[in-house]
Structures are given as structure tokens and as C-alpha cells.
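Below is start01.pdb, which holds PDB, C-alpha atoms.
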ATOM      1  CA  MET P   2     164.844 101.207  65.492
ATOM      2  CA  LYS P   3     162.949  98.551  63.566
ATOM      3  CA  LYS P   4     163.641  96.029  66.360
ATOM      4  CA  LEU P   5     162.289  98.468  69.003
ATOM      5  CA  THR P   6     159.108  99.055  66.989
ATOM      6  CA  TYR P   7     158.603  95.312  66.610
ATOM      7  CA  LEU P   8     159.011  94.747  70.370
ATOM      8  CA  LEU P   9     156.467  97.492  71.145
ATOM      9  CA  LEU P  10     153.961  95.899  68.793
ATOM     10  CA  LEU P  11     154.367  92.642  70.688
ATOM     11  CA  VAL P  12     154.111  94.210  74.147
ATOM     12  CA  ILE P  13     151.084  96.464  73.577
ATOM     13  CA  PRO P  14     148.670  93.614  72.687
ATOM     14  CA  ALA P  15     149.892  91.765  75.768
ATOM     15  CA  TRP P  16     148.963  94.745  77.976
ATOM     16  CA  ALA P  17     145.592  94.991  76.282
ATOM     17  CA  PHE P  18     144.984  91.279  76.848
ATOM     18  CA  LEU P  19     145.920  91.486  80.530
ATOM     19  CA  SER P  20     143.646  94.482  81.017
ATOM     20  CA  CYS P  21     140.705  92.683  79.408
ATOM     21  CA  SER P  22     141.358  89.470  81.301
ATOM     22  CA  ASN P  23     141.158  91.337  84.635
ATOM     23  CA  THR P  24     137.744  92.826  83.807
ATOM     24  CA  VAL P  25     134.799  90.911  85.253
ATOM     25  CA  SER P  26     131.736  91.118  83.046
ATOM     26  CA  TYR P  27     128.238  91.825  84.352
ATOM     27  CA  ALA P  28     127.217  88.299  83.324
ATOM     28  CA  GLU P  29     130.055  86.852  85.413
ATOM     29  CA  MET P  30     129.099  89.033  88.383
ATOM     30  CA  LYS P  31     125.486  87.809  88.147
ATOM     31  CA  LYS P  32     126.713  84.215  87.985
ATOM     32  CA  ASN P  33     128.820  84.831  91.094
ATOM     33  CA  GLU P  34     125.776  86.331  92.808
ATOM     34  CA  ARG P  35     123.688  83.242  92.006
ATOM     35  CA  ASN P  36     126.450  81.011  93.371
ATOM     36  CA  ASN P  37     126.642  83.051  96.589
ATOM     37  CA  ILE P  38     122.870  82.796  97.064
ATOM     38  CA  ARG P  39     122.960  79.054  96.417
ATOM     39  CA  ARG P  40     125.746  78.554  98.977
ATOM     40  CA  PHE P  41     123.863  80.685 101.512
ATOM     41  CA  ILE P  42     120.691  78.635 101.012
ATOM     42  CA  ASP P  43     122.584  75.352 101.347
ATOM     43  CA  SER P  44     124.520  76.412 104.454
ATOM     44  CA  ALA P  45     121.351  77.686 106.163
ATOM     45  CA  GLY P  46     119.392  74.524 105.342
ATOM     46  CA  ILE P  47     116.702  76.503 103.536
ATOM     47  CA  LYS P  48     113.951  74.630 101.695
ATOM     48  CA  VAL P  49     112.844  76.600  98.648
ATOM     49  CA  ILE P  50     109.179  76.339  97.650
ATOM     50  CA  SER P  51     107.402  77.585  94.536
ATOM     51  CA  GLU P  52     104.932  80.455  94.409
ATOM     52  CA  SER P  53     102.107  78.012  93.645
ATOM     53  CA  GLN P  54     102.896  76.007  96.784
ATOM     54  CA  PHE P  55     103.173  79.233  98.798
ATOM     55  CA  TYR P  56      99.696  80.369  97.721
ATOM     56  CA  ALA P  57      98.304  76.871  98.307
ATOM     57  CA  GLN P  58      99.557  77.206 101.914
ATOM     58  CA  ASP P  59      97.483  80.375 102.441
ATOM     59  CA  SER P  60     100.501  82.550 101.535
ATOM     60  CA  MET P  61     102.580  81.117 104.359
ATOM     61  CA  THR P  62     105.966  79.468 104.693
ATOM     62  CA  ASP P  63     106.487  76.620 107.155
ATOM     63  CA  VAL P  64     109.112  77.964 109.561
ATOM     64  CA  SER P  65     109.594  74.526 111.154
ATOM     65  CA  LYS P  66     110.831  73.330 107.730
ATOM     66  CA  ASN P  67     112.768  76.567 107.136
ATOM     67  CA  GLU P  68     110.769  77.222 103.973
ATOM     68  CA  TYR P  69     111.364  80.248 101.765
ATOM     69  CA  VAL P  70     109.244  81.045  98.725
ATOM     70  CA  LEU P  71     111.083  82.081  95.559
ATOM     71  CA  PHE P  72     109.339  84.812  93.577
ATOM     72  CA  ASP P  73     110.466  84.022  90.046
ATOM     73  CA  GLN P  74     109.974  87.464  88.547
ATOM     74  CA  SER P  75     111.998  89.366  91.160
ATOM     75  CA  GLY P  76     114.368  86.612  92.318
ATOM     76  CA  ILE P  77     113.522  87.404  95.962
ATOM     77  CA  TYR P  78     113.405  84.569  98.497
ATOM     78  CA  MET P  79     111.055  85.241 101.435
ATOM     79  CA  GLN P  80     110.128  83.488 104.642
ATOM     80  CA  ILE P  81     107.123  84.793 106.557
ATOM     81  CA  VAL P  82     107.986  84.157 110.179
ATOM     82  CA  ASN P  83     104.822  85.879 111.398
ATOM     83  CA  LYS P  84     102.065  87.539 109.371
ATOM     84  CA  GLY P  85     101.294  89.816 112.308
ATOM     85  CA  GLU P  86      98.007  91.022 113.712
ATOM     86  CA  GLY P  87      96.202  94.163 112.631
ATOM     87  CA  ILE P  88      95.406  95.688 109.259
ATOM     88  CA  LYS P  89      96.488  95.287 105.662
ATOM     89  CA  LEU P  90      97.076  98.432 103.646
ATOM     90  CA  LYS P  91      93.918  99.147 101.662
ATOM     91  CA  ASP P  92      93.915 100.381  98.095
ATOM     92  CA  GLY P  93      94.863 104.051  98.139
ATOM     93  CA  ASP P  94      96.303 103.908 101.667
ATOM     94  CA  THR P  95      99.583 105.590 102.556
ATOM     95  CA  ARG P  96     100.840 104.649 106.011
ATOM     96  CA  LYS P  97     103.894 105.246 108.137
ATOM     97  CA  VAL P  98     105.679 101.952 108.865
ATOM     98  CA  LEU P  99     108.411 101.442 111.464
ATOM     99  CA  CYS P 100     111.055  98.822 110.746
ATOM    100  CA  ARG P 101     113.543  96.994 112.919
ATOM    101  CA  PHE P 102     115.975  94.981 110.875
ATOM    102  CA  LEU P 103     119.200  93.099 110.532
ATOM    103  CA  GLU P 104     121.189  93.424 107.300
ATOM    104  CA  ARG P 105     123.763  90.820 106.336
ATOM    105  CA  ARG P 106     125.960  90.439 103.263
ATOM    106  CA  VAL P 107     125.210  87.066 101.661
ATOM    107  CA  SER P 108     128.689  86.525 100.218
ATOM    108  CA  ASN P 109     130.487  86.408 103.581
ATOM    109  CA  GLY P 110     127.746  86.472 106.227
ATOM    110  CA  ASP P 111     128.943  89.764 107.739
ATOM    111  CA  THR P 112     126.306  91.818 109.559
ATOM    112  CA  ILE P 113     126.330  95.320 108.076
ATOM    113  CA  THR P 114     123.632  97.122 110.059
ATOM    114  CA  THR P 115     121.004  96.361 112.667
ATOM    115  CA  ASN P 116     118.574  98.176 114.943
ATOM    116  CA  MET P 117     116.860  94.924 115.870
ATOM    117  CA  PHE P 118     117.735  95.122 119.534
ATOM    118  CA  SER P 119     116.265  98.558 120.226
ATOM    119  CA  THR P 120     112.660  99.518 120.880
ATOM    120  CA  SER P 121     113.310 103.226 120.236
ATOM    121  CA  ILE P 122     115.633 103.214 117.203
ATOM    122  CA  VAL P 123     113.663 102.423 114.051
ATOM    123  CA  ASP P 124     113.834 103.010 110.327
ATOM    124  CA  VAL P 125     110.721 104.819 109.136
ATOM    125  CA  MET P 126     109.152 104.598 105.700
ATOM    126  CA  MET P 127     105.962 105.760 104.054
ATOM    127  CA  VAL P 128     104.217 102.932 102.181
ATOM    128  CA  THR P 129     101.473 103.317  99.563
ATOM    129  CA  ASN P 130      99.155 100.669  98.143
ATOM    130  CA  ASN P 131      98.077 101.614  94.636
ATOM    131  CA  SER P 132      95.697  98.911  93.352
ATOM    132  CA  GLY P 133      97.873  96.166  94.818
ATOM    133  CA  SER P 134     101.138  97.731  93.630
ATOM    134  CA  TYR P 135     103.195  98.899  96.602
ATOM    135  CA  SER P 136     105.736 101.698  96.729
ATOM    136  CA  ALA P 137     107.677 103.225  99.602
ATOM    137  CA  TYR P 138     110.333 105.731 100.596
ATOM    138  CA  PHE P 139     112.418 106.150 103.747
ATOM    139  CA  THR P 140     111.991 109.278 105.867
ATOM    140  CA  THR P 141     114.635 108.458 108.491
ATOM    141  CA  GLY P 142     116.845 105.655 109.750
ATOM    142  CA  TYR P 143     120.025 103.691 109.154
ATOM    143  CA  MET P 144     119.177 102.553 105.626
ATOM    144  CA  MET P 145     118.656 106.114 104.438
ATOM    145  CA  GLN P 146     121.842 107.282 106.191
ATOM    146  CA  ASN P 147     124.050 104.382 105.104
ATOM    147  CA  TYR P 148     123.089 104.479 101.438
ATOM    148  CA  ASN P 149     122.305 108.195 101.171
ATOM    149  CA  SER P 150     118.938 107.525  99.585
ATOM    150  CA  THR P 151     115.247 107.480 100.456
ATOM    151  CA  ALA P 152     114.686 104.577  98.035
ATOM    152  CA  VAL P 153     113.349 101.423  99.700
ATOM    153  CA  PRO P 154     114.730  98.130  98.311
ATOM    154  CA  GLY P 155     112.178  95.984  96.530
ATOM    155  CA  GLY P 156     113.002  93.180  98.963
ATOM    156  CA  TRP P 157     111.590  95.306 101.797
ATOM    157  CA  ILE P 158     108.365  96.047  99.903
ATOM    158  CA  CYS P 159     107.488  92.559  98.617
ATOM    159  CA  PRO P 160     106.020  91.285 101.966
ATOM    160  CA  PHE P 161     103.249  93.918 102.135
ATOM    161  CA  PRO P 162     100.554  91.967 100.258
ATOM    162  CA  PHE P 163     100.878  89.186 102.849
ATOM    163  CA  ILE P 164     101.418  90.864 106.240
ATOM    164  CA  ARG P 165      99.280  92.773 108.732
ATOM    165  CA  LEU P 166     100.340  95.849 110.658
ATOM    166  CA  ASN P 167      99.635  97.008 114.199
ATOM    167  CA  ARG P 168     101.013  99.628 116.558
ATOM    168  CA  GLU P 169     101.836  97.305 119.448
ATOM    169  CA  LEU P 170     105.164  95.522 119.836
ATOM    170  CA  ASP P 171     103.428  92.206 120.431
ATOM    171  CA  ASN P 172     102.852  89.956 117.443
ATOM    172  CA  LEU P 173     104.501  92.164 114.839
ATOM    173  CA  ALA P 174     104.809  91.043 111.233
ATOM    174  CA  LYS P 175     108.242  89.508 110.727
ATOM    175  CA  VAL P 176     109.934  88.285 107.562
ATOM    176  CA  LYS P 177     113.300  87.044 106.362
ATOM    177  CA  VAL P 178     114.339  87.864 102.805
ATOM    178  CA  ILE P 179     117.250  87.135 100.495
ATOM    179  CA  VAL P 180     117.414  90.074  98.113
ATOM    180  CA  PRO P 181     119.272  89.940  94.781
ATOM    181  CA  HIS P 182     121.069  93.074  93.628
ATOM    182  CA  SER P 183     118.290  94.046  91.221
ATOM    183  CA  GLN P 184     115.878  94.406  94.178
ATOM    184  CA  GLY P 185     118.395  95.921  96.574
ATOM    185  CA  HIS P 186     119.851  99.311  97.522
ATOM    186  CA  SER P 187     122.418 101.316  95.550
ATOM    187  CA  ASP P 188     125.434  99.472  96.982
ATOM    188  CA  ALA P 189     123.888  96.105  96.082
ATOM    189  CA  VAL P 190     123.177  97.269  92.528
ATOM    190  CA  GLN P 191     126.654  98.700  91.985
ATOM    191  CA  SER P 192     128.482  95.677  93.360
ATOM    192  CA  VAL P 193     125.968  93.087  92.030
ATOM    193  CA  SER P 194     125.720  91.696  95.565
ATOM    194  CA  PRO P 195     122.822  89.955  97.320
ATOM    195  CA  PHE P 196     121.831  90.862 100.878
ATOM    196  CA  TYR P 197     119.903  89.026 103.594
ATOM    197  CA  TYR P 198     117.443  90.784 105.915
ATOM    198  CA  GLU P 199     115.355  90.041 108.953
ATOM    199  CA  ILE P 200     112.666  92.723 109.231
ATOM    200  CA  ASP P 201     109.916  93.529 111.724
ATOM    201  CA  TYR P 202     107.124  95.839 110.500
ATOM    202  CA  GLN P 203     105.128  98.029 112.893
ATOM    203  CA  LEU P 204     102.367 100.485 112.046
ATOM    204  CA  GLY P 205     103.399 104.076 112.851
ATOM    205  CA  ARG P 206     101.255 106.834 114.247
TER     206      ARG P 206
END
For the file at hand, write its structure as C-alpha cells.
Amino acid sequence: MKKLTYLLLLVIPAWAFLSCSNTVSYAEMKKNERNNIRRFIDSAGIKVISESQFYAQDSMTDVSKNEYVLFDQSGIYMQIVNKGEGIKLKDGDTRKVLCRFLERRVSNGDTITTNMFSTSIVDVMMVTNNSGSYSAYFTTGYMMQNYNSTAVPGGWICPFPFIRLNRELDNLAKVKVIVPHSQGHSDAVQSVSPFYYEIDYQLGR
């Protein structure tokens, strides 16, 4: 009996150790996320510029150099492909915005969702400018359906201070963004996974 008790005391700590060793900490998941973003940037030949350089370039990124600006506070990388023609949201404005987008998982490059190739299928959100602070919620579309939420990822909202909106399909505002989990949808937050988006913004009626 004493031998059996001794063996159990040896085995139980081993199980506990194996269980702990298989648990990935949040810090490790964030490190893995940073590595995935870095690999994505390297493989795509992206040139990262600072916010100061971005503002010095009239809040533009040079597409010919594949520039993306890194916003330090949010960790979002953004390329403005086209600022668009039309209006900027004024202070106090709430407007309907139609979005065509492509969503891709950064870790493996898989396309998750897109409505980019349709003129009639759009994701719709209501966007408010409150003294330069933007907020938004989805009213319909794939993003709301896929993630069962009206919450708009921060990566979708960050372009609004820099783009212009119009109702015509010509010369729409277009951006590309790499969105870390903290600025993403519920699945991104839960899995600590970054996502890449190409988004066109059109003013709704």
C-alpha cells in the first residue's frame, strides 16, 4: 500500500506538469501574433512608415512603394489606396456607409469572407463622428452574420479621419489594413489572431 501511494505521488505532479506545459499563455499568443504579422509584412514586401511620416505626406501612403502606416497606439497597419472623392463626416454627423471588403487570416493567408466582387451585396454600418472620435455599428451584412455581432472592428473605423465618401461607385475610398486582435472582431479577440482587410467605403442613402 505504501508503494502504491508513493507511485501516485510521483505520477500526479507529472500530470500537472504536462497539463501546464500544454497551456499557451496570453503573452505567448500575443508574441505569436506579432510574429505572424511580421511574416505577413515581409512576404508582402510592405514598407512600414511612422505616423509622423504619414502626416508629413498629407496623410497618404505611397502605394507604388507599398507603404503602410503603423499607428502605434492601436497597432493597426493601414495603406490608403485611394482617399476617395466626396465628403468627410462632420462633427456630430451619423451616416450610413456601405462596405465591400475582403477578409483574410494573417496566419495562413486564407480568405474568410468577401463581397468585393458584387455591386449589390454590401455590408452596411452607421458611423458617427463625435468631435473627431468615430464609432460605428453594423446593421446588415456578412460581418454581422459571421460574428453574430453589430460591433465594428476598430480596424474598419480607423480610416475615417482620412477618407472621403460619395454615393457613386467611381473613385470610392479604398484602404488595406492589418488588424491586430485587440482591434478586431470577437473571433480575433478570442483566438488572439490578426486579420487583413481590403475595404471600399461608399456613402449610403
Task: Residue with smallest distance to Leu90 in chain P - pool P:Asn37, P:Thr112, P:Gly133, P:Val25, counting only C-alpha atoms - done: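 The shortest atom-to-atom distance to Leu90 in chain P comes from P:Gly133.
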For range 185-193 of chain P, take all atoms listed in the file, fit an axis-aligned box around them, add 3 Å to each of the six sides, then output centre and edge lengths in Å rounded to one decimal, as JSON.
{"center_x": 123.4, "center_y": 97.2, "center_z": 94.8, "size_x": 16.1, "size_y": 14.2, "size_z": 11.5}
TODO: Could you please give me, as a ChimeraX atom specification, the residues of protein, DNA or RNA lying at most 10 Å from (109.4, 97.7, 109.9) in the coordinate frame of the file, considering only C-alpha atoms?
DONE: /P:97-102,117,123-126,157,166,173-176,199-205
On this file, the PyMOL selection byres ((chain P and resi 162) around 10) gives some set of residues; write that set as a JSON list (two decimals) with C-alpha atoms, in the coordinates of the input.
[["chain", "number", "residue", "atom", "x", "y", "z"],
["P", 60, "SER", "CA", 100.50, 82.55, 101.54],
["P", 89, "LYS", "CA", 96.49, 95.29, 105.66],
["P", 90, "LEU", "CA", 97.08, 98.43, 103.65],
["P", 91, "LYS", "CA", 93.92, 99.15, 101.66],
["P", 130, "ASN", "CA", 99.16, 100.67, 98.14],
["P", 133, "GLY", "CA", 97.87, 96.17, 94.82],
["P", 134, "SER", "CA", 101.14, 97.73, 93.63],
["P", 135, "TYR", "CA", 103.20, 98.90, 96.60],
["P", 158, "ILE", "CA", 108.36, 96.05, 99.90],
["P", 159, "CYS", "CA", 107.49, 92.56, 98.62],
["P", 160, "PRO", "CA", 106.02, 91.28, 101.97],
["P", 161, "PHE", "CA", 103.25, 93.92, 102.14],
["P", 163, "PHE", "CA", 100.88, 89.19, 102.85],
["P", 164, "ILE", "CA", 101.42, 90.86, 106.24],
["P", 165, "ARG", "CA", 99.28, 92.77, 108.73]]
Between range 68-100 of chain P and range 48-58 of chain P, at 7 Å or less, what are the per-residue closest atom pairs and their distances in Å? Count all atoms listed in the file, order by chain and rising residue number, and return it as CSV.
residue,atom,partner,partner_atom,distance
P:Glu68,CA,P:Lys48,CA,4.7
P:Tyr69,CA,P:Val49,CA,5.0
P:Val70,CA,P:Ile50,CA,4.8
P:Leu71,CA,P:Ser51,CA,5.9
P:Phe72,CA,P:Glu52,CA,6.3
Kindly assemble as JSON lines a list of the range 33-80 of chain P residues that lie within 10 Å of range 183-189 of chain P, each paired with its nearest atom pair and their distance in Å to one decimal, using all atoms listed in the file, sorted first by chain and then by ascending residue number.
{"residue": "P:Ser75", "atom": "CA", "partner": "P:Gln184", "partner_atom": "CA", "distance": 7.0}
{"residue": "P:Gly76", "atom": "CA", "partner": "P:Gln184", "partner_atom": "CA", "distance": 8.2}
{"residue": "P:Ile77", "atom": "CA", "partner": "P:Gln184", "partner_atom": "CA", "distance": 7.6}
Would you write out, as a PDB file with C-alpha atoms, keeping the file's coordinate frame, every residue that the PyMOL selection byres ((chain P and resi 93) around 7) captures in this file?
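What ended up in selection_5.pdb:
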ATOM      1  CA  LYS P  91      93.918  99.147 101.662  1.00  0.00           C
ATOM      2  CA  ASP P  92      93.915 100.381  98.095  1.00  0.00           C
ATOM      3  CA  ASP P  94      96.303 103.908 101.667  1.00  0.00           C
ATOM      4  CA  THR P  95      99.583 105.590 102.556  1.00  0.00           C
ATOM      5  CA  THR P 129     101.473 103.317  99.563  1.00  0.00           C
ATOM      6  CA  ASN P 130      99.155 100.669  98.143  1.00  0.00           C
ATOM      7  CA  ASN P 131      98.077 101.614  94.636  1.00  0.00           C
TER       8      ASN P 131
END
- [ ] For Ala137 in chain P, please output as a VMD selection string all residues within 6 Å (counting all atoms listed in the file; exclusion window: fewer than 5 positions along the same chain).
- [x] chain P and resid 127 to 128 153
Task: Atom pair CA of Phe41 in chain P / CA of Ser26 in chain P: separation (Å) - done: 22.6 Å
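Counting from CA of Ser108 in chain P, the distance to CA of Asn33 in chain P is 9.3 Å.
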Task: Atomic separation - CA of Ser192 in chain P relative to CA of Asn36 in chain P, Å - done: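 Atom-to-atom, CA of Asn36 in chain P and CA of Ser192 in chain P are spaced 14.8 Å apart.
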Open item on the list: Taking only C-alpha atoms into account, name the residue in P:Gln191, P:Glu86, P:Gly155, P:Gly46 that is nearest to Leu170 in chain P.
Closed with: P:Glu86
